[in-house]
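Next comes my_file-v9.txt, a file with compact mmCIF, C-alpha atoms.
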# COMPACT_ATOMS: atom_id res chain seq x y z
CA MET A 1 38.03 -51.65 76.28
CA THR A 2 40.82 -49.08 76.31
CA THR A 3 44.26 -50.47 76.77
CA LYS A 4 46.85 -48.18 78.28
CA LYS A 5 49.87 -47.84 75.99
CA SER A 6 53.30 -48.59 77.34
CA LEU A 7 55.69 -45.71 77.94
CA GLN A 8 57.78 -46.69 74.90
CA THR A 9 54.73 -46.66 72.60
CA THR A 10 53.63 -43.36 74.10
CA LEU A 11 57.00 -41.89 73.21
CA VAL A 12 56.33 -42.78 69.56
CA HIS A 13 52.54 -42.27 69.37
CA THR A 14 51.34 -39.18 71.21
CA GLY A 15 47.72 -38.18 71.32
CA TYR A 16 48.46 -34.48 71.63
CA LYS A 17 47.68 -32.10 68.80
CA ALA A 18 48.59 -28.43 68.97
CA PRO A 19 45.62 -26.03 68.72
CA GLU A 20 44.93 -24.42 65.35
CA GLY A 21 45.08 -20.70 64.71
CA PHE A 22 48.77 -19.98 65.20
CA ALA A 23 50.02 -17.19 62.93
CA ALA A 24 53.48 -15.66 62.55
CA PHE A 25 55.59 -14.05 59.86
CA PRO A 26 58.16 -16.83 59.33
CA SER A 27 57.23 -19.79 57.15
CA ALA A 28 56.94 -23.02 59.11
CA ILE A 29 59.65 -25.64 58.71
CA HIS A 30 58.19 -29.03 57.80
CA HIS A 31 60.66 -31.91 58.04
CA ALA A 32 59.63 -35.16 56.41
CA SER A 33 60.86 -38.14 54.53
CA THR A 34 57.75 -40.25 55.19
CA VAL A 35 54.45 -38.49 54.50
CA VAL A 36 51.48 -40.07 56.32
CA PHE A 37 48.27 -40.79 54.39
CA LYS A 38 44.86 -40.96 56.03
CA ASP A 39 43.95 -44.18 54.20
CA VAL A 40 45.01 -46.52 51.39
CA ALA A 41 42.84 -44.74 48.81
CA SER A 42 44.55 -41.40 49.42
CA MET A 43 47.94 -43.10 49.19
CA ARG A 44 47.10 -44.68 45.85
CA SER A 45 45.63 -41.49 44.42
CA GLY A 46 48.47 -39.27 45.59
CA GLN A 47 49.98 -37.18 42.81
CA TRP A 48 53.40 -35.54 43.13
CA LYS A 49 53.65 -34.05 39.63
CA ASP A 50 51.13 -31.20 40.04
CA LYS A 51 51.91 -30.46 43.72
CA SER A 52 48.24 -30.87 44.61
CA GLY A 53 49.18 -32.99 47.61
CA TYR A 54 52.03 -34.59 49.50
CA THR A 55 53.41 -38.03 48.74
CA TYR A 56 57.02 -38.18 49.96
CA GLY A 57 59.47 -35.69 51.42
CA LEU A 58 61.63 -35.78 48.29
CA HIS A 59 58.72 -34.41 46.27
CA GLY A 60 57.99 -31.53 48.61
CA THR A 61 56.56 -30.29 51.88
CA PRO A 62 54.67 -27.08 52.67
CA THR A 63 58.06 -25.41 53.26
CA THR A 64 59.51 -26.24 49.85
CA PHE A 65 56.20 -25.64 48.05
CA THR A 66 56.10 -22.16 49.58
CA LEU A 67 59.63 -21.38 48.47
CA GLU A 68 58.95 -22.65 44.94
CA ALA A 69 55.81 -20.51 44.66
CA ARG A 70 57.62 -17.38 45.85
CA LEU A 71 60.55 -17.89 43.47
CA ALA A 72 58.15 -18.35 40.56
CA GLU A 73 56.46 -15.07 41.54
CA ILE A 74 59.76 -13.18 41.49
CA GLU A 75 60.44 -14.30 37.91
CA ASP A 76 56.78 -13.98 36.88
CA GLY A 77 56.76 -17.70 36.13
CA LYS A 78 54.23 -20.43 36.90
CA TYR A 79 56.26 -23.45 38.00
CA CYS A 80 59.40 -23.96 40.05
CA LEU A 81 61.53 -26.94 41.04
CA LEU A 82 64.24 -26.88 43.71
CA ALA A 83 67.59 -28.64 43.45
CA PRO A 84 70.47 -29.16 45.91
CA SER A 85 72.67 -26.62 44.06
CA GLY A 86 72.75 -24.43 40.99
CA LEU A 87 74.83 -27.02 39.16
CA ALA A 88 72.32 -29.74 40.09
CA ALA A 89 69.59 -27.60 38.52
CA ILE A 90 71.68 -27.19 35.36
CA ALA A 91 72.22 -30.94 35.18
CA MET A 92 68.49 -31.51 35.62
CA VAL A 93 67.78 -29.44 32.50
CA ASP A 94 70.32 -31.36 30.44
CA PHE A 95 69.13 -34.81 31.54
CA ALA A 96 65.47 -33.83 31.07
CA LEU A 97 65.84 -32.47 27.55
CA LEU A 98 68.84 -34.17 25.91
CA LYS A 99 69.45 -37.70 24.70
CA SER A 100 72.12 -39.48 22.69
CA GLY A 101 72.41 -37.91 19.23
CA ASP A 102 71.20 -34.47 20.34
CA ASP A 103 73.13 -31.22 20.19
CA VAL A 104 73.41 -28.44 22.81
CA LEU A 105 74.92 -24.98 22.38
CA LEU A 106 76.68 -23.21 25.25
CA PRO A 107 78.26 -19.74 25.35
CA GLU A 108 82.04 -19.49 25.61
CA ASN A 109 81.63 -17.54 28.86
CA VAL A 110 79.46 -20.22 30.47
CA TYR A 111 79.82 -21.07 34.16
CA ASN A 112 82.81 -23.40 34.14
CA PRO A 113 81.10 -26.39 35.86
CA ASN A 114 78.41 -26.15 33.14
CA ARG A 115 81.22 -26.35 30.57
CA GLU A 116 82.55 -29.44 32.35
CA LEU A 117 79.06 -30.94 32.27
CA GLY A 118 78.94 -30.31 28.52
CA ARG A 119 82.27 -32.10 28.15
CA TRP A 120 80.89 -35.06 30.15
CA LEU A 121 77.75 -35.22 28.01
CA SER A 122 79.93 -35.35 24.88
CA GLN A 123 82.32 -37.99 26.21
CA ASP A 124 79.92 -40.43 27.86
CA PHE A 125 76.35 -39.75 26.71
CA GLY A 126 76.55 -39.19 22.96
CA VAL A 127 75.37 -35.57 23.18
CA THR A 128 77.28 -33.03 21.11
CA ALA A 129 78.18 -29.88 23.10
CA ARG A 130 79.31 -26.89 21.03
CA TYR A 131 80.30 -23.41 22.14
CA TYR A 132 79.43 -20.02 20.68
CA ASP A 133 80.53 -16.41 21.03
CA PRO A 134 78.32 -14.94 23.79
CA LEU A 135 77.91 -11.75 21.72
CA ILE A 136 76.71 -13.63 18.62
CA GLY A 137 73.08 -12.49 18.96
CA ALA A 138 70.91 -13.39 15.97
CA GLY A 139 73.95 -14.94 14.32
CA ILE A 140 73.39 -18.04 16.41
CA ALA A 141 70.86 -19.09 13.77
CA ALA A 142 73.77 -20.27 11.60
CA LEU A 143 74.92 -22.65 14.35
CA ILE A 144 71.57 -24.35 14.93
CA GLN A 145 71.47 -27.86 13.45
CA PRO A 146 68.49 -30.19 12.93
CA ASN A 147 69.49 -32.08 16.08
CA THR A 148 70.00 -28.97 18.25
CA ARG A 149 67.60 -29.24 21.18
CA LEU A 150 68.82 -26.69 23.70
CA ILE A 151 70.72 -23.41 23.87
CA TRP A 152 72.22 -22.32 27.19
CA THR A 153 72.67 -18.60 27.89
CA GLU A 154 74.23 -16.72 30.77
CA ALA A 155 73.60 -13.03 31.37
CA PRO A 156 76.24 -11.84 31.87
CA GLY A 157 79.05 -14.38 31.90
CA SER A 158 79.98 -14.75 35.55
CA VAL A 159 83.73 -14.17 34.98
CA SER A 160 84.29 -12.20 31.76
CA MET A 161 80.96 -10.33 32.01
CA GLU A 162 79.81 -10.19 28.36
CA VAL A 163 76.07 -9.50 28.13
CA PRO A 164 74.27 -11.51 25.41
CA ASP A 165 71.41 -10.27 23.26
CA LEU A 166 68.85 -12.66 24.68
CA PRO A 167 65.82 -11.55 22.59
CA ALA A 168 67.81 -12.11 19.38
CA ILE A 169 69.07 -15.52 20.50
CA CYS A 170 65.60 -16.60 21.64
CA LYS A 171 63.94 -15.55 18.38
CA ALA A 172 66.51 -17.45 16.30
CA ALA A 173 66.07 -20.51 18.53
CA HIS A 174 62.29 -20.47 18.61
CA ASP A 175 62.06 -19.99 14.85
CA ARG A 176 63.77 -23.39 14.66
CA GLY A 177 61.93 -25.07 17.52
CA VAL A 178 64.85 -24.95 19.97
CA LEU A 179 64.48 -24.27 23.70
CA VAL A 180 66.54 -21.61 25.49
CA ALA A 181 67.69 -21.90 29.10
CA LEU A 182 69.04 -18.88 30.98
CA ASP A 183 71.37 -18.86 33.96
CA ASN A 184 69.88 -15.78 35.64
CA THR A 185 71.88 -16.06 38.86
CA TRP A 186 73.71 -12.74 38.37
CA SER A 187 70.49 -10.71 38.51
CA ALA A 188 68.50 -13.02 40.85
CA GLY A 189 65.38 -12.22 38.82
CA LEU A 190 65.54 -8.63 40.11
CA ALA A 191 67.55 -6.85 37.40
CA LEU A 192 66.44 -9.04 34.49
CA ARG A 193 63.08 -10.74 33.94
CA GLY A 194 64.04 -13.73 31.86
CA PHE A 195 60.63 -14.54 30.42
CA ASP A 196 60.26 -10.95 29.20
CA VAL A 197 63.26 -11.47 26.89
CA GLY A 198 61.96 -14.78 25.58
CA VAL A 199 63.71 -17.61 27.43
CA ASP A 200 61.92 -20.89 28.19
CA ILE A 201 63.71 -22.01 31.37
CA ILE A 202 65.30 -19.87 34.07
CA MET A 203 67.95 -21.35 36.32
CA GLN A 204 69.05 -19.60 39.49
CA ALA A 205 71.64 -20.57 42.07
CA LEU A 206 69.82 -19.69 45.29
CA THR A 207 73.20 -19.98 46.98
CA LYS A 208 73.77 -16.32 46.06
CA TYR A 209 71.51 -13.33 46.79
CA GLN A 210 68.41 -15.32 47.69
CA SER A 211 70.16 -16.81 50.69
CA GLY A 212 72.46 -13.87 51.30
CA GLY A 213 74.25 -15.62 54.15
CA SER A 214 76.97 -17.63 52.38
CA ASP A 215 75.58 -20.68 54.17
CA VAL A 216 73.16 -22.42 51.76
CA LEU A 217 73.59 -24.49 48.60
CA MET A 218 70.46 -24.64 46.44
CA GLY A 219 69.24 -24.14 42.89
CA ALA A 220 65.92 -23.57 41.15
CA LEU A 221 64.34 -24.04 37.72
CA ILE A 222 61.44 -21.77 36.80
CA THR A 223 59.16 -22.18 33.79
CA ARG A 224 55.82 -21.02 32.43
CA ASP A 225 54.95 -23.99 30.22
CA ARG A 226 53.19 -26.90 31.94
CA GLN A 227 54.49 -29.63 29.63
CA LEU A 228 58.06 -28.34 29.90
CA ASN A 229 57.75 -28.28 33.68
CA GLU A 230 56.52 -31.88 33.65
CA ARG A 231 59.59 -32.99 31.67
CA LEU A 232 61.83 -31.26 34.20
CA ALA A 233 59.81 -32.69 37.10
CA LEU A 234 60.33 -36.23 35.81
CA ALA A 235 64.08 -35.66 35.74
CA HIS A 236 63.82 -34.12 39.22
CA MET A 237 62.14 -37.30 40.47
CA ARG A 238 64.43 -39.73 38.64
CA LEU A 239 67.57 -37.98 39.85
CA GLY A 240 66.31 -37.69 43.43
CA MET A 241 66.77 -33.93 43.64
CA GLY A 242 65.73 -33.15 47.20
CA VAL A 243 66.48 -30.13 49.40
CA GLY A 244 66.37 -29.88 53.19
CA ALA A 245 63.58 -27.99 54.92
CA ASP A 246 66.02 -25.98 57.05
CA ASP A 247 67.85 -24.77 53.96
CA ALA A 248 64.56 -23.89 52.26
CA TYR A 249 63.62 -21.88 55.34
CA LEU A 250 66.90 -19.96 55.24
CA VAL A 251 66.24 -18.95 51.63
CA LEU A 252 62.66 -17.97 52.48
CA ARG A 253 63.98 -15.81 55.30
CA GLY A 254 66.42 -14.11 52.94
CA LEU A 255 63.85 -13.20 50.27
CA ALA A 256 62.29 -10.33 52.22
CA SER A 257 65.53 -8.36 52.25
CA MET A 258 66.93 -9.56 48.92
CA LYS A 259 66.04 -6.51 46.82
CA LEU A 260 67.41 -4.10 49.43
CA ARG A 261 70.64 -6.09 49.70
CA PHE A 262 70.95 -6.38 45.91
CA GLU A 263 70.65 -2.62 45.52
CA ALA A 264 73.25 -2.05 48.24
CA HIS A 265 75.65 -4.48 46.54
CA ASP A 266 75.01 -2.72 43.23
CA ALA A 267 75.68 0.81 44.53
CA ALA A 268 78.86 -0.24 46.35
CA ALA A 269 80.17 -2.24 43.38
CA ARG A 270 79.73 0.66 40.98
CA ARG A 271 81.59 2.93 43.37
CA VAL A 272 84.51 0.51 43.76
CA ALA A 273 84.56 -0.29 40.02
CA ALA A 274 84.60 3.41 39.10
CA TRP A 275 87.57 3.96 41.42
CA LEU A 276 89.41 0.98 39.92
CA LYS A 277 88.80 2.35 36.43
CA GLY A 278 90.99 5.32 37.25
CA ARG A 279 93.89 3.29 38.60
CA PRO A 280 97.03 2.82 36.45
CA GLU A 281 97.32 -0.82 37.60
CA ILE A 282 93.99 -1.69 35.89
CA ALA A 283 93.68 -1.91 32.11
CA THR A 284 89.95 -2.71 31.89
CA VAL A 285 86.99 -2.89 34.26
CA LEU A 286 84.51 -5.54 33.12
CA HIS A 287 81.29 -4.25 34.64
CA PRO A 288 78.11 -4.38 32.48
CA ALA A 289 77.02 -0.91 33.62
CA PHE A 290 80.20 0.61 32.13
CA GLU A 291 80.19 1.58 28.46
CA ASP A 292 83.34 -0.32 27.51
CA CYS A 293 82.09 -3.66 28.86
CA PRO A 294 81.14 -6.01 25.98
CA GLY A 295 77.36 -6.02 25.66
CA HIS A 296 76.82 -2.82 27.66
CA ALA A 297 74.16 -1.55 25.23
CA VAL A 298 72.18 -4.76 25.70
CA TRP A 299 72.53 -4.48 29.48
CA LYS A 300 71.24 -0.91 29.33
CA ARG A 301 68.25 -2.02 27.25
CA ASP A 302 67.27 -5.19 29.14
CA PHE A 303 68.50 -4.80 32.73
CA SER A 304 67.48 -2.55 35.61
CA GLY A 305 70.46 -3.15 37.91
CA ALA A 306 73.77 -4.91 38.31
CA GLY A 307 74.45 -6.40 41.74
CA GLY A 308 77.89 -6.76 43.28
CA LEU A 309 79.91 -8.91 40.85
CA PHE A 310 82.43 -7.61 38.29
CA SER A 311 85.93 -8.36 37.01
CA VAL A 312 89.04 -6.39 36.11
CA LEU A 313 91.98 -6.96 33.78
CA PHE A 314 95.29 -5.83 35.20
CA ASP A 315 97.76 -3.96 33.05
CA ALA A 316 99.75 -6.41 30.92
CA ARG A 317 103.00 -5.54 32.69
CA TYR A 318 101.84 -7.48 35.76
CA SER A 319 102.43 -11.24 35.89
CA GLU A 320 100.19 -13.89 37.43
CA ARG A 321 102.62 -14.10 40.33
CA GLN A 322 102.19 -10.39 41.00
CA THR A 323 98.40 -10.36 40.81
CA ASP A 324 98.26 -13.42 43.05
CA ARG A 325 100.37 -11.47 45.53
CA PHE A 326 97.88 -8.60 45.24
CA VAL A 327 94.97 -10.92 46.08
CA ASP A 328 96.87 -12.42 49.01
CA ALA A 329 97.55 -8.92 50.35
CA LEU A 330 93.86 -8.03 50.66
CA THR A 331 92.45 -8.19 54.18
CA LEU A 332 88.75 -7.29 53.93
CA PHE A 333 88.34 -9.24 50.69
CA LYS A 334 88.49 -13.00 51.28
CA ILE A 335 89.48 -15.60 48.70
CA GLY A 336 86.60 -17.92 47.88
CA TRP A 337 84.02 -18.95 45.29
CA SER A 338 80.44 -17.73 44.97
CA TRP A 339 78.96 -14.32 45.74
CA GLY A 340 75.83 -12.65 47.10
CA GLY A 341 76.76 -12.71 50.79
CA ALA A 342 77.69 -9.87 53.11
CA ASN A 343 81.42 -10.50 52.80
CA SER A 344 83.47 -9.22 49.88
CA LEU A 345 85.43 -11.78 47.85
CA CYS A 346 88.27 -11.68 45.33
CA VAL A 347 89.40 -14.51 43.03
CA PRO A 348 92.08 -14.56 40.29
CA TYR A 349 91.20 -16.55 37.16
CA ARG A 350 93.35 -18.13 34.51
CA ILE A 351 90.90 -16.91 31.92
CA ALA A 352 93.02 -17.84 28.87
CA ALA A 353 92.78 -21.51 29.91
CA MET A 354 89.00 -21.23 30.30
CA ARG A 355 88.15 -19.49 27.05
CA LYS A 356 88.82 -20.34 23.42
CA ASP A 357 90.56 -17.52 21.52
CA TRP A 358 90.81 -15.29 24.59
CA PRO A 359 92.91 -12.27 23.46
CA ALA A 360 96.33 -11.89 25.03
CA GLY A 361 96.25 -9.37 27.83
CA GLY A 362 96.39 -8.78 31.53
CA GLN A 363 95.51 -11.07 34.41
CA LEU A 364 91.79 -11.30 35.25
CA VAL A 365 90.62 -10.87 38.84
CA ARG A 366 86.96 -11.04 39.87
CA PHE A 367 85.53 -8.99 42.73
CA ASN A 368 82.34 -9.59 44.67
CA ILE A 369 81.47 -6.44 46.59
CA GLY A 370 79.72 -7.27 49.83
CA LEU A 371 77.98 -5.06 52.36
CA GLU A 372 81.02 -3.44 53.91
CA ASP A 373 81.60 0.33 53.59
CA PRO A 374 82.92 0.92 50.03
CA ALA A 375 85.49 3.42 51.36
CA ASP A 376 87.02 0.67 53.50
CA LEU A 377 87.08 -1.72 50.54
CA ILE A 378 88.79 0.87 48.35
CA ALA A 379 91.39 1.48 51.05
CA ASP A 380 91.99 -2.29 51.28
CA ILE A 381 92.55 -2.52 47.52
CA GLU A 382 94.83 0.48 47.53
CA ARG A 383 97.00 -1.07 50.24
CA ALA A 384 97.15 -4.35 48.30
CA PHE A 385 98.30 -2.56 45.13
CA ALA A 386 101.57 -1.93 46.94
CA ALA A 387 102.21 -5.69 46.82
CA LEU A 388 102.43 -5.52 43.03

Entire entry expressed as structure tokens:
Amino acid sequence: MTTKKSLQTTLVHTGYKAPEGFAAFPSAIHHASTVVFKDVASMRSGQWKDKSGYTYGLHGTPTTFTLEARLAEIEDGKYCLLAPSGLAAIAMVDFALLKSGDDVLLPENVYNPNRELGRWLSQDFGVTARYYDPLIGAGIAALIQPNTRLIWTEAPGSVSMEVPDLPAICKAAHDRGVLVALDNTWSAGLALRGFDVGVDIIMQALTKYQSGGSDVLMGALITRDRQLNERLALAHMRLGMGVGADDAYLVLRGLASMKLRFEAHDAAARRVAAWLKGRPEIATVLHPAFEDCPGHAVWKRDFSGAGGLFSVLFDARYSERQTDRFVDALTLFKIGWSWGGANSLCVPYRIAAMRKDWPAGGQLVRFNIGLEDPADLIADIERAFAAL
């Protein structure tokens, strides 16, 4: 006998199923915390580690699995894990691979929140965090200790722009059984293929070019080694690193135009940087594509592009107060962290407080060149120079 369901039950349990065969270009957005199993056996046999099925929203849906697969393709990797931010992805590497008594090496030009994480690991978790000259190359071999487990690299440093010799660092590390992680956010996997230069783990902040809209926070870890991916996946599970389906969709939507946008950022940034190089207010332009940028020869050898981010050092005659006034006088450039969106940004840094043994010199200001007309950006900078 069929019993008619009440209206309230019908609101929860519908019998309707949409017809199959729908096809469209956008990836579907699958929202889920609870994943429904067809029976108890399938629930008990469910496996989240190899992504062969679905067990819980935190471990992935078709939307996040699709994004992970596409990001791995871009870097020519095999495995990918998503995190709520780039910093969350960095933390996942540290907590997956380091324990009390271990040692980690970080470059002096490391992303400052990663430096803060290293300080936290040293203070509260018994992990020694040491810092090295980003241009050390093969010389890093002398810093590797028996308890060194991980070397972080960043190419280039996101503020001072030194480009490290990654093949040399990776060889020295691998000769001693040490893993190398690369923050490859600057190139988005487009201008530098991390696995080609020898790294083991690639971290990207998808907040930048992958999204392109200045509206998403997300990070990713990409690997080729199955066992290494499983160690990271365990940390991913234990730390509860979930991302929302809507955010994953926004990154998926941005991937199709990412290379075109990256190239537009790159061309505009080189034009603005070249103009700045000829200005008397600027002592140095820190752009990896320019010969006088530390590590330029390595950039020329290993990279195929540059994107929109670079820094400048003002002439030493200008004080912090004056360069702050310059930044405040800009109109098209906004003041804010991050990069990779359509809007240009400008941020002054107290670089001497961030870096050990930073040479005395002018004030550092970082530019992110967006998708505006470069001529308008140059005119904006020229007007702001009057505020000096």

Residue nearest His265 of chain A among A:Leu371, A:Ala245, A:Ala316, A:Cys346 (counting all atoms listed in the file):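 Counting all atoms listed in the file, the residue closest to His265 of chain A is A:Leu371.
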
Using the file's own x, y and z axes, what box holds all listed atoms of segment 287-302 of chain A with 5 Å on each side, keeping edges along x, y and z, and what are its centre and edge lengths in Å to one decimal, as AutoDock Vina command-line options?
--center_x 75.3 --center_y -2.2 --center_z 29.9 --size_x 26.1 --size_y 17.6 --size_z 19.4

Hey, which of A:Thr331, A:Ser338, A:Thr128, A:Thr323 ends up closest to Ala205 of chain A? Count all atoms listed in the file.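 Once distances to Ala205 of chain A are computed over all atoms listed in the file, the minimum belongs to A:Ser338.
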
Rows by chain and residue number, segment 80-157 of chain A within 10 Å of segment 168-171 of chain A, shortest pair, all atoms listed in the file, as CSV:
residue,atom,partner,partner_atom,distance
A:Pro134,CA,A:Ile169,CA,9.8
A:Leu135,CA,A:Ile169,CA,9.7
A:Ile136,CA,A:Ile169,CA,8.1
A:Gly137,CA,A:Ile169,CA,5.3
A:Ala138,CA,A:Ala168,CA,4.8
A:Gly139,CA,A:Ile169,CA,7.9
A:Ile140,CA,A:Ile169,CA,6.5
A:Ala141,CA,A:Ile169,CA,7.8
A:Ile151,CA,A:Ile169,CA,8.7
A:Thr153,CA,A:Ile169,CA,8.8

Quote the spacing between atom CA of Pro348 of chain A and atom CA of Phe367 of chain A in Å to one decimal place.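 Atom-to-atom, atom CA of Pro348 of chain A to atom CA of Phe367 of chain A, that is 8.9 Å.
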
In Å, how far is it from atom CA of Asp302 of chain A to atom CA of Tyr79 of chain A? 23.1 Å
